[in-house]
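Novice: What follows is protein_27.cif, made up of mmCIF, C-alpha atoms and all ligand atoms:
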```cif
data_input
#
loop_
_atom_site.label_atom_id
_atom_site.label_comp_id
_atom_site.auth_asym_id
_atom_site.auth_seq_id
_atom_site.Cartn_x
_atom_site.Cartn_y
_atom_site.Cartn_z
CA ASN A 1 0.00 0.00 0.00
CA ASN A 2 3.00 2.32 0.42
CA TYR A 3 3.37 2.59 -3.35
CA TYR A 4 0.12 4.54 -3.41
CA SER A 5 0.93 6.99 -0.64
CA THR A 6 3.20 10.03 -0.85
CA THR A 7 3.43 10.16 2.94
CA ASN A 8 4.66 6.55 3.01
CA GLY A 9 7.40 7.06 0.41
CA GLY A 10 5.31 6.34 -2.65
CA LYS A 11 3.15 8.61 -4.72
CA THR A 12 -0.52 9.34 -4.30
CA ALA A 13 -2.48 8.71 -7.48
CA TRP A 14 -3.85 11.31 -9.83
CA ASP A 15 -7.64 10.95 -9.97
CA VAL A 16 -7.96 7.25 -10.83
CA ASN A 17 -11.28 7.87 -12.56
CA LYS A 18 -9.61 10.15 -15.10
CA TYR A 19 -6.01 8.97 -15.40
CA LEU A 20 -4.11 5.75 -15.95
CA ASN A 21 -1.60 5.85 -13.10
CA ILE A 22 1.69 3.94 -13.46
CA TRP A 23 3.81 3.39 -10.34
CA VAL A 24 7.41 2.47 -11.14
CA VAL A 25 8.74 0.75 -8.03
CA ASP A 26 11.43 -1.43 -6.50
CA PHE A 27 9.98 -4.91 -5.88
CA GLY A 28 13.28 -6.01 -4.38
CA ASN A 29 13.92 -8.82 -6.89
CA ASN A 30 10.95 -10.92 -5.85
CA GLY A 31 10.45 -12.20 -9.41
CA LEU A 32 7.52 -9.94 -10.14
CA LEU A 33 7.67 -7.73 -13.23
CA GLY A 34 4.46 -5.85 -12.75
CA PHE A 35 0.76 -6.03 -12.07
CA ALA A 36 -2.38 -4.11 -12.92
CA THR A 37 -5.94 -3.62 -11.77
CA GLN A 38 -8.82 -4.77 -13.94
CA PRO A 39 -12.14 -2.93 -14.23
CA GLY A 40 -14.48 -4.18 -11.52
CA GLY A 41 -11.66 -5.90 -9.63
CA ALA A 42 -11.14 -5.64 -5.87
CA PHE A 43 -8.19 -3.45 -4.91
CA PRO A 44 -7.33 -0.74 -2.37
CA ALA A 45 -8.82 2.72 -2.93
CA ASN A 46 -6.77 4.94 -5.26
CA SER A 47 -4.54 2.07 -6.42
CA ASP A 48 -6.24 1.62 -9.80
CA GLY A 49 -3.54 1.44 -12.48
CA LEU A 50 -0.21 -0.31 -13.11
CA VAL A 51 2.71 -1.12 -10.83
CA ILE A 52 5.94 -2.01 -12.63
CA GLY A 53 9.43 -2.83 -11.35
CA TYR A 54 11.89 -0.11 -12.38
CA GLN A 55 14.16 -2.70 -14.07
CA PHE A 56 11.28 -3.71 -16.33
CA PHE A 57 9.89 -0.32 -17.28
CA GLY A 58 10.62 1.37 -20.63
CA ARG A 59 13.43 0.61 -23.03
CA VAL A 60 16.37 2.54 -21.56
CA GLY A 61 17.99 3.05 -18.18
CA ASN A 62 17.93 0.02 -15.91
CA VAL A 63 16.39 -2.52 -18.28
CA ALA A 64 18.24 -5.61 -19.51
CA PRO A 65 17.34 -8.42 -21.94
CA PRO A 66 15.06 -10.32 -22.08
CA ILE A 67 12.77 -7.73 -20.43
CA ASN A 68 13.98 -4.58 -22.18
CA LYS A 69 11.35 -3.43 -24.64
CA GLY A 70 8.70 -1.96 -22.38
CA ARG A 71 6.38 -4.91 -22.86
CA THR A 72 5.54 -5.26 -19.20
CA ALA A 73 3.60 -2.00 -19.49
CA THR A 74 1.96 -3.21 -22.72
CA HIS A 75 0.92 -6.44 -20.99
CA GLU A 76 -0.33 -4.65 -17.89
CA ILE A 77 -2.24 -2.04 -19.89
CA GLY A 78 -3.95 -5.01 -21.53
CA HIS A 79 -5.09 -6.14 -18.06
CA TYR A 80 -6.05 -2.56 -17.17
CA PHE A 81 -8.37 -2.57 -20.19
CA ASN A 82 -9.95 -5.82 -19.03
CA LEU A 83 -7.90 -8.49 -20.85
CA ASP A 84 -7.09 -11.80 -19.19
CA HIS A 85 -4.10 -14.01 -19.85
CA LEU A 86 -4.61 -16.25 -22.89
CA TRP A 87 -5.09 -19.30 -20.63
CA GLY A 88 -7.83 -17.55 -18.63
CA PRO A 89 -7.89 -16.50 -14.97
CA ASN A 90 -6.40 -19.82 -13.76
CA VAL A 91 -3.51 -21.93 -15.06
CA GLY A 92 -4.31 -25.39 -16.42
CA GLY A 93 -7.25 -26.92 -18.23
CA CYS A 94 -8.79 -26.31 -21.61
CA ASN A 95 -12.32 -25.46 -20.56
CA GLU A 96 -11.42 -22.07 -19.20
CA ASP A 97 -10.30 -19.37 -21.63
CA ASP A 98 -9.72 -15.63 -21.88
CA GLY A 99 -13.23 -15.19 -23.30
CA ILE A 100 -11.83 -14.04 -26.64
CA ALA A 101 -12.75 -16.02 -29.73
CA ASP A 102 -9.70 -15.23 -31.87
CA THR A 103 -7.05 -16.25 -29.33
CA PRO A 104 -6.64 -20.05 -29.43
CA LEU A 105 -7.31 -22.11 -26.30
CA GLN A 106 -4.12 -22.39 -24.25
CA ASP A 107 -3.30 -24.47 -21.18
CA GLN A 108 -0.72 -22.30 -19.43
CA GLU A 109 1.88 -19.56 -19.87
CA THR A 110 4.80 -19.71 -22.32
CA GLN A 111 8.28 -18.67 -21.14
CA GLY A 112 11.36 -17.55 -23.10
CA CYS A 113 10.99 -17.39 -26.86
CA PRO A 114 10.14 -20.73 -28.44
CA ALA A 115 10.24 -21.40 -32.18
CA PHE A 116 6.89 -21.20 -34.01
CA PRO A 117 4.66 -23.19 -33.94
CA VAL A 118 4.02 -24.30 -30.34
CA PHE A 119 1.31 -26.87 -29.65
CA ASP A 120 -0.19 -27.85 -26.32
CA ASN A 121 -2.92 -30.18 -25.11
CA CYS A 122 -5.55 -27.48 -25.73
CA THR A 123 -4.45 -26.52 -29.26
CA SER A 124 -2.60 -29.30 -31.03
CA ILE A 125 -3.26 -28.40 -34.68
CA GLY A 126 -2.98 -25.45 -37.07
CA ASP A 127 -0.75 -22.59 -35.92
CA GLY A 128 -0.83 -23.82 -32.32
CA ILE A 129 -1.05 -21.48 -29.33
CA MET A 130 -0.55 -17.72 -29.78
CA PHE A 131 2.53 -17.39 -27.57
CA CYS A 132 3.59 -14.15 -29.34
CA ASN A 133 0.57 -12.34 -27.86
CA PHE A 134 1.14 -9.49 -25.36
CA LEU A 135 -1.00 -11.43 -22.85
CA ASP A 136 1.35 -14.40 -22.68
CA TYR A 137 4.62 -14.45 -20.63
CA VAL A 138 7.25 -14.70 -23.36
CA ASN A 139 10.30 -12.40 -23.54
CA ASP A 140 9.69 -8.78 -24.55
CA ALA A 141 11.26 -9.26 -27.98
CA CYS A 142 9.06 -12.30 -28.57
CA MET A 143 5.66 -10.68 -27.94
CA SER A 144 4.22 -8.66 -30.76
CA MET A 145 0.43 -8.56 -30.93
CA PHE A 146 -3.04 -8.10 -29.61
CA THR A 147 -5.83 -9.71 -31.64
CA GLN A 148 -8.85 -7.94 -33.10
CA GLY A 149 -10.97 -9.58 -30.40
CA GLN A 150 -8.68 -8.26 -27.66
CA LYS A 151 -8.79 -4.82 -29.27
CA LEU A 152 -12.60 -4.80 -29.22
CA LYS A 153 -12.64 -5.85 -25.56
CA MET A 154 -10.20 -3.05 -24.66
CA LEU A 155 -12.24 -0.50 -26.61
CA ALA A 156 -15.36 -1.66 -24.74
CA ALA A 157 -13.50 -1.03 -21.46
CA LEU A 158 -12.34 2.41 -22.64
CA ASN A 159 -15.86 3.38 -23.67
CA GLY A 160 -17.41 1.69 -20.60
CA PRO A 161 -15.86 1.37 -17.13
CA ARG A 162 -12.76 3.34 -18.17
CA SER A 163 -14.56 6.15 -20.00
CA GLY A 164 -13.37 8.67 -17.41
CA LEU A 165 -10.03 8.61 -19.27
CA LEU A 166 -11.78 10.23 -22.21
CA ASN A 167 -13.08 13.07 -20.06
CA ASN A 168 -9.99 14.37 -18.27
CA ASN A 169 -8.41 17.69 -19.18
CA ALA A 170 -5.04 16.29 -20.16
CA CYS A 171 -5.68 16.94 -23.84
CA SER A 172 -6.49 20.64 -23.57
CA TRP A 173 -3.09 22.22 -23.14
CA PRO A 174 -2.71 25.89 -22.32
CA ALA A 175 -1.11 28.27 -24.80
CA ALA A 176 2.69 28.24 -24.92
CA THR A 177 4.39 30.71 -22.61
CA SER A 178 7.87 30.66 -24.18
CA ASN A 179 9.73 29.73 -27.34
CA ILE A 180 10.82 26.48 -25.71
CA ASP A 181 7.23 25.72 -24.76
CA LEU A 182 6.16 26.25 -28.34
CA ALA A 183 8.99 24.05 -29.63
CA ASN A 184 8.00 21.28 -27.23
CA SER A 185 4.37 21.47 -28.30
CA ILE A 186 5.21 20.63 -31.91
CA SER A 187 5.89 17.22 -33.37
CA ILE A 188 6.86 16.45 -36.95
CA PHE A 189 6.88 13.01 -38.48
CA PRO A 190 8.18 11.19 -40.37
CA ASN A 191 11.42 13.12 -40.54
CA PRO A 192 13.14 12.48 -42.96
CA THR A 193 10.20 12.21 -45.33
CA ASN A 194 9.91 11.81 -49.09
CA ASN A 195 6.42 13.21 -49.58
CA LEU A 196 4.17 13.95 -46.59
CA LEU A 197 4.85 15.49 -43.19
CA THR A 198 2.38 15.32 -40.34
CA ILE A 199 2.79 18.39 -38.16
CA SER A 200 0.97 18.46 -34.85
CA THR A 201 0.84 20.79 -31.92
CA THR A 202 -0.63 20.37 -28.46
CA GLU A 203 -1.49 24.08 -28.46
CA ASN A 204 -5.15 24.90 -28.90
CA ALA A 205 -4.83 28.04 -31.01
CA PRO A 206 -3.67 27.81 -34.62
CA ILE A 207 0.04 28.16 -35.28
CA SER A 208 1.49 29.47 -38.50
CA PHE A 209 4.69 28.18 -39.99
CA SER A 210 6.87 28.67 -43.03
CA LEU A 211 9.13 26.32 -44.90
CA TYR A 212 12.60 27.69 -45.66
CA SER A 213 15.44 26.39 -47.79
CA VAL A 214 18.95 26.20 -46.27
CA THR A 215 19.75 29.47 -48.02
CA GLY A 216 16.87 31.18 -46.21
CA GLN A 217 14.43 31.37 -49.11
CA MET A 218 10.82 31.16 -47.94
CA LEU A 219 9.13 28.41 -49.94
CA LYS A 220 5.67 27.95 -48.47
CA LYS A 221 3.40 29.16 -45.65
CA PHE A 222 0.96 27.01 -43.67
CA GLN A 223 -1.25 26.97 -40.60
CA VAL A 224 -1.64 24.10 -38.20
CA LYS A 225 -4.49 23.62 -35.78
CA LYS A 226 -3.86 20.44 -33.80
CA SER A 227 -2.62 18.44 -36.78
CA THR A 228 -1.94 19.13 -40.44
CA ILE A 229 -0.51 17.05 -43.25
CA VAL A 230 1.84 18.94 -45.54
CA ASP A 231 2.84 17.71 -48.98
CA VAL A 232 6.53 18.41 -49.63
CA SER A 233 6.92 16.01 -52.54
CA ASP A 234 7.49 18.94 -54.97
CA PHE A 235 10.71 19.98 -53.26
CA PRO A 236 14.09 18.47 -54.10
CA ALA A 237 15.89 16.26 -51.58
CA GLY A 238 17.82 18.20 -48.95
CA VAL A 239 17.74 20.01 -45.63
CA TYR A 240 14.95 22.51 -44.89
CA TYR A 241 13.79 24.56 -41.92
CA LEU A 242 10.30 25.07 -40.57
CA THR A 243 9.78 28.24 -38.55
CA PHE A 244 6.72 28.35 -36.32
CA PHE A 245 4.92 31.37 -34.83
CA ASP A 246 2.02 31.25 -32.42
CA ALA A 247 -0.54 33.93 -31.58
CA LYS A 248 1.71 35.31 -28.82
CA ASN A 249 4.63 35.58 -31.23
CA ASN A 250 6.63 32.79 -29.62
CA SER A 251 8.76 31.22 -32.31
CA ALA A 252 10.57 27.95 -32.87
CA THR A 253 12.53 26.51 -35.77
CA LYS A 254 12.87 22.83 -36.60
CA LYS A 255 15.01 21.13 -39.21
CA ILE A 256 13.45 18.67 -41.62
CA ILE A 257 14.99 16.48 -44.25
CA ILE A 258 13.43 15.56 -47.55
CA ALA A 259 14.92 12.32 -48.85
CA LYS A 260 14.10 10.83 -52.24
N1 LIG B 301 4.13 -11.35 -14.91
C1 LIG B 301 3.48 -10.14 -15.22
C2 LIG B 301 1.98 -10.33 -15.23
O1 LIG B 301 1.45 -11.39 -15.47
C3 LIG B 301 4.01 -9.44 -16.47
C4 LIG B 301 4.51 -10.26 -17.59
C5 LIG B 301 5.17 -9.36 -18.61
N2 LIG B 301 5.98 -10.09 -19.55
C6 LIG B 301 6.99 -9.51 -20.26
N3 LIG B 301 7.67 -10.21 -21.13
N4 LIG B 301 7.31 -8.26 -20.09
O2 LIG B 301 1.22 -9.41 -15.00
ZN ZN B 302 -0.46 -10.65 -16.62
CA CA B 303 -9.42 -17.48 -26.50
#
```
Can the structure from this file be put into structure tokens for me?
Ligand code: ARG
Ligand code: ZN
Ligand code: CA

Specialist:
Amino acid sequence: NNYYSTTNGGKTAWDVNKYLNIWVVDFGNNGLLGFATQPGGAFPANSDGLVIGYQFFGRVGNVAPPINKGRTATHEIGHYFNLDHLWGPNVGGCNEDDGIADTPLQDQETQGCPAFPVFDNCTSIGDGIMFCNFLDYVNDACMSMFTQGQKLKMLAALNGPRSGLLNNNACSWPAATSNIDLANSISIFPNPTNNLLTISTTENAPISFSLYSVTGQMLKKFQVKKSTIVDVSDFPAGVYYLTFFDAKNNSATKKIIIAK
């Protein structure tokens, strides 16, 4: 319970009805990677969310193979959005399942990274069990998918018991207060590109920007409100600059590369 309490050395949750809280903790090498709460489950007040060991969180820092690609969070977010393990709530037996039609019946968890296909006593034909699913226990590099059925169950959770996530204020950012703020509010991808650039800003008001050549020639002017797709396929390969201005005259310049 200390994880969930700032006064006990942890961190008190943001409003669990509006935010997905993730506590990154030290389990003290007890073998646990992480755990999550499921909608409707029984858990202490204000502990709804994920708890993940710091050595198993993200892709940089303290992580090491085979748990080094952030898949513990992927797996736990699956639970958070109501998914069960492929073998169902309990290990063993082929009668119990995860309640999802497009994940094959599976007896128990898969460890490591076996060669495809893997058969068990529940699924002994076809492509075998779906050990590469995020809701199995294989190595991070070995898990790669949710199914369509899992996706629909997660969407039902997001639009049902987890719909508070859709109603928080996290998506309405205030206007930038500095050039750095403006720069941080803008994302450009893919970069390099050969034809289209998606330019997005977390600012609410429209932002104007101009495309410049390396010699400082202004080539094109645009506006972005939230997200805009810009076609740069007419321009030759090379380095270009985008200069952004917002309504308060904050400015930021970002380099883009057009590759052919
Ligand atoms: N054991 C944990 C659980 O069942 C997480 C498993 C995550 N697996 C991984 N390869 N990261 O909730
Ligand atoms: Zn799990
Ligand atoms: Ca299934």

Novice: 7 Å from ligand LIG 301 (chain B) is the threshold here; counting only C-alpha atoms and all ligand atoms, which polymer residues fall inside it? Answer as a PDB file with C-alpha atoms, in the coordinates of the input.

Specialist:
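Contents of the output file part-v7.pdb:
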```
ATOM      1  CA  LEU A  32       7.520  -9.940 -10.140  1.00  0.00           C
ATOM      2  CA  LEU A  33       7.670  -7.730 -13.230  1.00  0.00           C
ATOM      3  CA  GLY A  34       4.460  -5.850 -12.750  1.00  0.00           C
ATOM      4  CA  PHE A  35       0.760  -6.030 -12.070  1.00  0.00           C
ATOM      5  CA  ALA A  36      -2.380  -4.110 -12.920  1.00  0.00           C
ATOM      6  CA  ILE A  67      12.770  -7.730 -20.430  1.00  0.00           C
ATOM      7  CA  GLY A  70       8.700  -1.960 -22.380  1.00  0.00           C
ATOM      8  CA  ARG A  71       6.380  -4.910 -22.860  1.00  0.00           C
ATOM      9  CA  THR A  72       5.540  -5.260 -19.200  1.00  0.00           C
ATOM     10  CA  HIS A  75       0.920  -6.440 -20.990  1.00  0.00           C
ATOM     11  CA  GLU A  76      -0.330  -4.650 -17.890  1.00  0.00           C
ATOM     12  CA  TYR A 137       4.620 -14.450 -20.630  1.00  0.00           C
ATOM     13  CA  VAL A 138       7.250 -14.700 -23.360  1.00  0.00           C
ATOM     14  CA  ASN A 139      10.300 -12.400 -23.540  1.00  0.00           C
ATOM     15  CA  ASP A 140       9.690  -8.780 -24.550  1.00  0.00           C
TER      16      ASP A 140
END
```

Novice: Could you report the residues within 8 Å of ligand CA 303 (chain B), using only C-alpha atoms and all ligand atoms, as a PyMOL selection string?

Specialist: chain A and resi 86-87+97-106

Novice: So, counting all atoms listed in the file, which residue among A:Val230, A:Val24, A:Met154, A:Ile180 is closest to Leu50 of chain A?

Specialist: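 Of A:Val230, A:Val24, A:Met154, A:Ile180, the one nearest Leu50 of chain A, counting all atoms listed in the file, is A:Val24.
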
Novice: State, in Å with one decimal place, the distance from atom CA of Thr228 of chain A to atom CA of Asn195 of chain A.

Specialist: 13.7 Å

Novice: Considering all atoms listed in the file, return as a PyMOL selection string whatever protein or nucleic-acid residues lie within 8 Å of Thr37 of chain A, sequence-local ones (same chain, fewer than 5 positions apart) excluded.

Specialist: chain A and resi 43+47-50+79-80

Novice: Write out as a CSV table (one decimal) with C-alpha atoms, keeping the file's coordinate frame which residues come within 8 Å of Gly164 of chain A when counting all atoms listed in the file, dropping same-chain ones fewer than 4 positions away.

Specialist:
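Okay, selection.csv is ready:
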```
chain,number,residue,atom,x,y,z
A,17,ASN,CA,-11.3,7.9,-12.6
A,18,LYS,CA,-9.6,10.2,-15.1
A,19,TYR,CA,-6.0,9.0,-15.4
A,168,ASN,CA,-10.0,14.4,-18.3
```
